[in-house]
>>> print(open('run.cif').read())   # mmCIF, C-alpha atoms
data_target
#
loop_
_atom_site.label_atom_id
_atom_site.label_comp_id
_atom_site.auth_asym_id
_atom_site.auth_seq_id
_atom_site.Cartn_x
_atom_site.Cartn_y
_atom_site.Cartn_z
CA MET A 186 -190.94 -152.04 -61.14
CA LYS A 187 -190.92 -150.15 -64.43
CA GLU A 188 -194.72 -149.89 -64.37
CA ILE A 189 -194.59 -148.23 -60.93
CA VAL A 190 -192.07 -145.65 -62.09
CA SER A 191 -194.01 -145.06 -65.29
CA GLY A 192 -197.26 -144.66 -63.35
CA THR A 193 -195.60 -142.23 -60.95
CA ALA A 194 -194.19 -140.21 -63.85
CA GLU A 195 -197.61 -140.10 -65.53
CA THR A 196 -199.23 -138.96 -62.30
CA GLY A 197 -196.60 -136.30 -61.65
CA ILE A 198 -196.78 -134.94 -65.18
CA GLY A 199 -200.58 -134.97 -65.07
CA LEU A 200 -200.59 -133.08 -61.78
CA LEU A 201 -198.14 -130.53 -63.17
CA VAL A 202 -200.32 -129.90 -66.23
CA LEU A 203 -203.46 -129.78 -64.05
CA LEU A 204 -201.81 -127.27 -61.69
CA GLY A 205 -200.86 -125.13 -64.68
CA ALA A 206 -204.39 -125.24 -66.03
CA LEU A 207 -205.83 -124.28 -62.63
CA LEU A 208 -203.39 -121.38 -62.26
CA SER A 209 -204.25 -120.16 -65.76
CA ALA A 210 -207.97 -120.36 -64.95
CA LEU A 211 -207.37 -118.48 -61.71
CA SER A 212 -205.49 -115.83 -63.64
CA ALA A 213 -208.33 -115.48 -66.13
CA PHE A 214 -210.78 -115.17 -63.22
CA GLY A 215 -208.54 -112.46 -61.73
CA LEU A 216 -208.52 -110.56 -65.01
CA LEU A 217 -212.32 -110.53 -64.96
CA ARG A 218 -212.89 -109.76 -61.29
CA LEU A 219 -210.09 -107.46 -60.11
CA PRO A 220 -211.07 -103.79 -59.93
CA ASP A 221 -208.30 -101.83 -61.66
CA VAL A 222 -205.68 -102.14 -64.36
CA TYR A 223 -202.79 -102.50 -61.90
CA LEU A 224 -204.26 -105.48 -60.07
CA ARG A 225 -205.27 -107.05 -63.37
CA ALA A 226 -201.71 -106.70 -64.63
CA HIS A 227 -200.55 -108.48 -61.50
CA ALA A 228 -202.93 -111.38 -62.14
CA ALA A 229 -201.95 -111.56 -65.79
CA THR A 230 -198.21 -111.65 -65.15
CA LYS A 231 -197.74 -113.63 -61.95
CA SER A 232 -200.21 -116.49 -62.03
CA MET A 233 -200.43 -116.76 -65.81
CA THR A 234 -196.64 -117.01 -66.10
CA LEU A 235 -196.54 -119.73 -63.47
CA GLY A 236 -199.48 -121.55 -65.11
CA VAL A 237 -197.86 -121.52 -68.53
CA PHE A 238 -194.58 -122.65 -66.94
CA CYS A 239 -196.30 -125.65 -65.33
CA VAL A 240 -198.06 -126.69 -68.55
CA LEU A 241 -194.93 -126.35 -70.69
CA SER A 242 -192.84 -128.13 -68.05
CA GLY A 243 -195.35 -130.97 -67.98
CA ALA A 244 -195.13 -131.27 -71.77
CA PHE A 245 -191.32 -131.15 -71.61
CA PHE A 246 -191.14 -133.90 -68.97
CA PHE A 247 -193.65 -136.02 -70.88
CA PHE A 248 -191.59 -135.99 -74.08
CA TRP A 249 -188.36 -136.41 -72.13
CA TYR A 250 -189.52 -139.40 -70.09
CA PHE A 251 -191.76 -141.27 -72.53
CA ASP A 252 -190.11 -140.47 -75.89
CA ASN A 253 -186.50 -139.77 -74.81
CA TYR A 254 -186.79 -136.48 -76.66
CA ILE A 255 -185.53 -133.20 -75.22
CA SER A 256 -187.50 -130.44 -76.87
CA ALA A 257 -185.53 -127.26 -77.38
CA ARG A 258 -188.73 -125.54 -78.52
CA LEU A 259 -190.40 -126.15 -75.18
CA LEU A 260 -187.34 -124.95 -73.30
CA LEU A 261 -187.24 -121.79 -75.43
CA GLY A 262 -190.97 -121.31 -74.90
CA ILE A 263 -190.47 -121.48 -71.12
CA LEU A 264 -187.57 -119.05 -71.34
CA PHE A 265 -189.42 -116.54 -73.52
CA VAL A 266 -192.52 -116.60 -71.32
CA PHE A 267 -190.38 -115.93 -68.25
CA ILE A 268 -188.63 -113.05 -69.98
CA THR A 269 -191.48 -111.37 -71.83
CA ALA A 270 -194.54 -111.72 -69.57
CA PRO A 271 -193.22 -109.85 -66.50
CA VAL A 272 -191.60 -107.16 -68.65
CA ALA A 273 -194.81 -106.64 -70.64
CA GLY A 274 -196.87 -106.46 -67.45
CA HIS A 275 -194.47 -103.94 -65.95
CA LEU A 276 -194.52 -101.77 -69.05
CA ASN A 277 -198.33 -101.87 -69.26
CA GLY A 278 -198.61 -100.83 -65.62
CA ARG A 279 -196.04 -98.09 -66.08
CA ALA A 280 -197.82 -96.74 -69.16
CA ALA A 281 -201.15 -96.80 -67.30
CA TYR A 282 -199.69 -94.94 -64.33
CA ARG A 283 -197.98 -92.31 -66.46
CA THR A 284 -201.17 -91.66 -68.40
CA ASP A 285 -203.02 -91.10 -65.11
CA VAL A 286 -205.22 -94.19 -65.12
CA PRO A 287 -206.82 -93.98 -61.66
CA LEU A 288 -206.03 -96.41 -58.89
CA TRP A 289 -208.79 -98.42 -57.26
CA GLU A 290 -210.66 -96.15 -54.83
CA GLN A 291 -209.83 -98.47 -51.93
CA SER A 292 -206.09 -98.42 -52.64
CA VAL A 293 -204.20 -97.56 -49.49
CA GLN A 294 -200.85 -96.32 -50.75
CA ASP A 295 -199.37 -94.85 -53.92
CA GLU A 296 -195.61 -95.16 -53.58
CA LEU A 297 -194.83 -93.63 -56.97
CA GLU A 298 -196.71 -90.36 -56.48
CA PRO A 299 -193.99 -88.58 -54.47
CA LEU A 300 -191.31 -89.82 -56.86
CA LEU A 301 -193.03 -88.94 -60.13
CA LYS A 302 -195.11 -85.92 -59.13
CA GLY A 303 -192.35 -83.46 -59.99
CA LYS A 304 -191.58 -85.26 -63.23
CA LYS A 305 -195.23 -85.21 -64.28
CA MET A 306 -195.49 -81.50 -63.54
CA ASN A 307 -192.28 -80.76 -65.44
CA HIS A 308 -193.61 -82.75 -68.40
CA GLU A 309 -196.88 -80.79 -68.35
CA ALA A 310 -195.02 -77.48 -68.07
CA LYS A 311 -192.87 -78.43 -71.06
CA ASP A 312 -195.99 -79.24 -73.09
CA MET A 313 -197.55 -75.90 -72.20
CA MET A 314 -194.40 -74.02 -73.20
CA GLU A 315 -194.35 -75.59 -76.66
#
>>> encode(input="run.cif", output="C-alpha cells")
Amino acid sequence: MKEIVSGTAETGIGLLVLLGALLSALSAFGLLRLPDVYLRAHAATKSMTLGVFCVLSGAFFFFWYFDNYISARLLLGILFVFITAPVAGHLNGRAAYRTDVPLWEQSVQDELEPLLKGKKMNHEAKDMME
C-alpha cells in the first residue's frame, strides 16, 4: 500500500514540475514572439509566475513527502515570486506607457489614453515652462 501512495506522490510531483517547466517554456516563447512590450510583460508575469510556482511547489512537496522536511526557503521563494513578479511587470508596463512606447498597430483599445492624456499634456507644459 505504501508503494502505491509513494508512486502516486512521485507522479503528482513530477507532473507539477513538468507543468511548471512547460509554462515557463511557453512564457519564454511568448517573450520572443509577442509583438509589443505590453503583451510581452503579460507573458513574463502571468505564465512565468505560475510556472515558477509549480516548480517550487513540486520541490516543496518532494522534500515534505520524501524527507519529512518543510522548507521555509521554498515557501519564501514562492511568496516573493508572487509578490515581486506582478508588481515588476506592472511597473515596467506603466513606465513604457508613460514614456510613449507605441502599442501594437493592431491594438483595438487604449483605455488609459483618455485618463492620462491631460496629465501627459500638463507634464509637457510644465517641462516647457521650466
>>> residues_around(input="run.cif", residues="Asp285 of chain A", least_positions_apart="4", cutoff="12 Å", atoms="only C-alpha atoms", output="list in words")
Val222, Tyr223, Gly278, Arg279, Ala280, Ala281, Leu297, Glu298, Leu301, Lys302 and Lys305 of chain A
>>> closest_residue(input="run.cif", among="A:Val266, A:Arg225, A:Glu188, A:Tyr254", to="Leu288 of chain A", atoms="all atoms listed in the file")
A:Arg225
>>> closest_residue(input="run.cif", among="A:Val293, A:Cys239, A:Leu260, A:Leu276", to="Gly197 of chain A", atoms="all atoms listed in the file")
A:Cys239
>>> atom_distance(input="run.cif", atom1="atom CA of Asp295 of chain A", atom2="atom CA of Phe214 of chain A")
25.1 Å
>>> closest_residue(input="run.cif", among="A:Leu224, A:Ile198, A:Ala213, A:Leu219", to="Leu241 of chain A", atoms="only C-alpha atoms")
A:Ile198
>>> residues_around(input="run.cif", residues="Phe247 of chain A", least_positions_apart="3", cutoff="10 Å", atoms="only C-alpha atoms", output="VMD selection string")
chain A and resid 194 to 195 197 to 199 241 to 244 250 to 255
>>> closest_residue(input="run.cif", among="A:Phe267, A:Trp249, A:Tyr282, A:Trp289", to="Leu235 of chain A", atoms="only C-alpha atoms")
A:Phe267
>>> residues_near_point(input="run.cif", point="(-199.4, -120.3, -63.8)", cutoff="10 Å", atoms="only C-alpha atoms", output="PyMOL selection string")
chain A and resi 202+204-212+228-240
>>> axis_aligned_box(input="run.cif", around="segment 281-298 of chain A", padding_each_side="5 Å", output="JSON")
{"center_x": -202.7, "center_y": -94.4, "center_z": -58.9, "size_x": 25.8, "size_y": 18.1, "size_z": 28.9}
>>> atom_distance(input="run.cif", atom1="atom CA of Phe248 of chain A", atom2="atom CA of Leu203 of chain A")
16.7 Å
>>> residues_around(input="run.cif", residues="Ala226 of chain A", least_positions_apart="6", cutoff="9 Å", atoms="all atoms listed in the file", output="PDB file with C-alpha atoms, keeping the file's coordinate frame")
ATOM      1  CA  LEU A 216    -208.520-110.560 -65.010  1.00  0.00           C
ATOM      2  CA  GLY A 274    -196.870-106.460 -67.450  1.00  0.00           C
ATOM      3  CA  HIS A 275    -194.470-103.940 -65.950  1.00  0.00           C
ATOM      4  CA  ASN A 277    -198.330-101.870 -69.260  1.00  0.00           C
ATOM      5  CA  GLY A 278    -198.610-100.830 -65.620  1.00  0.00           C
TER       6      GLY A 278
END
>>> atom_distance(input="run.cif", atom1="atom CA of Phe265 of chain A", atom2="atom CA of Leu201 of chain A")
19.5 Å
>>> closest_residue(input="run.cif", among="A:Arg218, A:His227, A:Arg258, A:Lys187", to="Ala273 of chain A", atoms="all atoms listed in the file")
A:His227
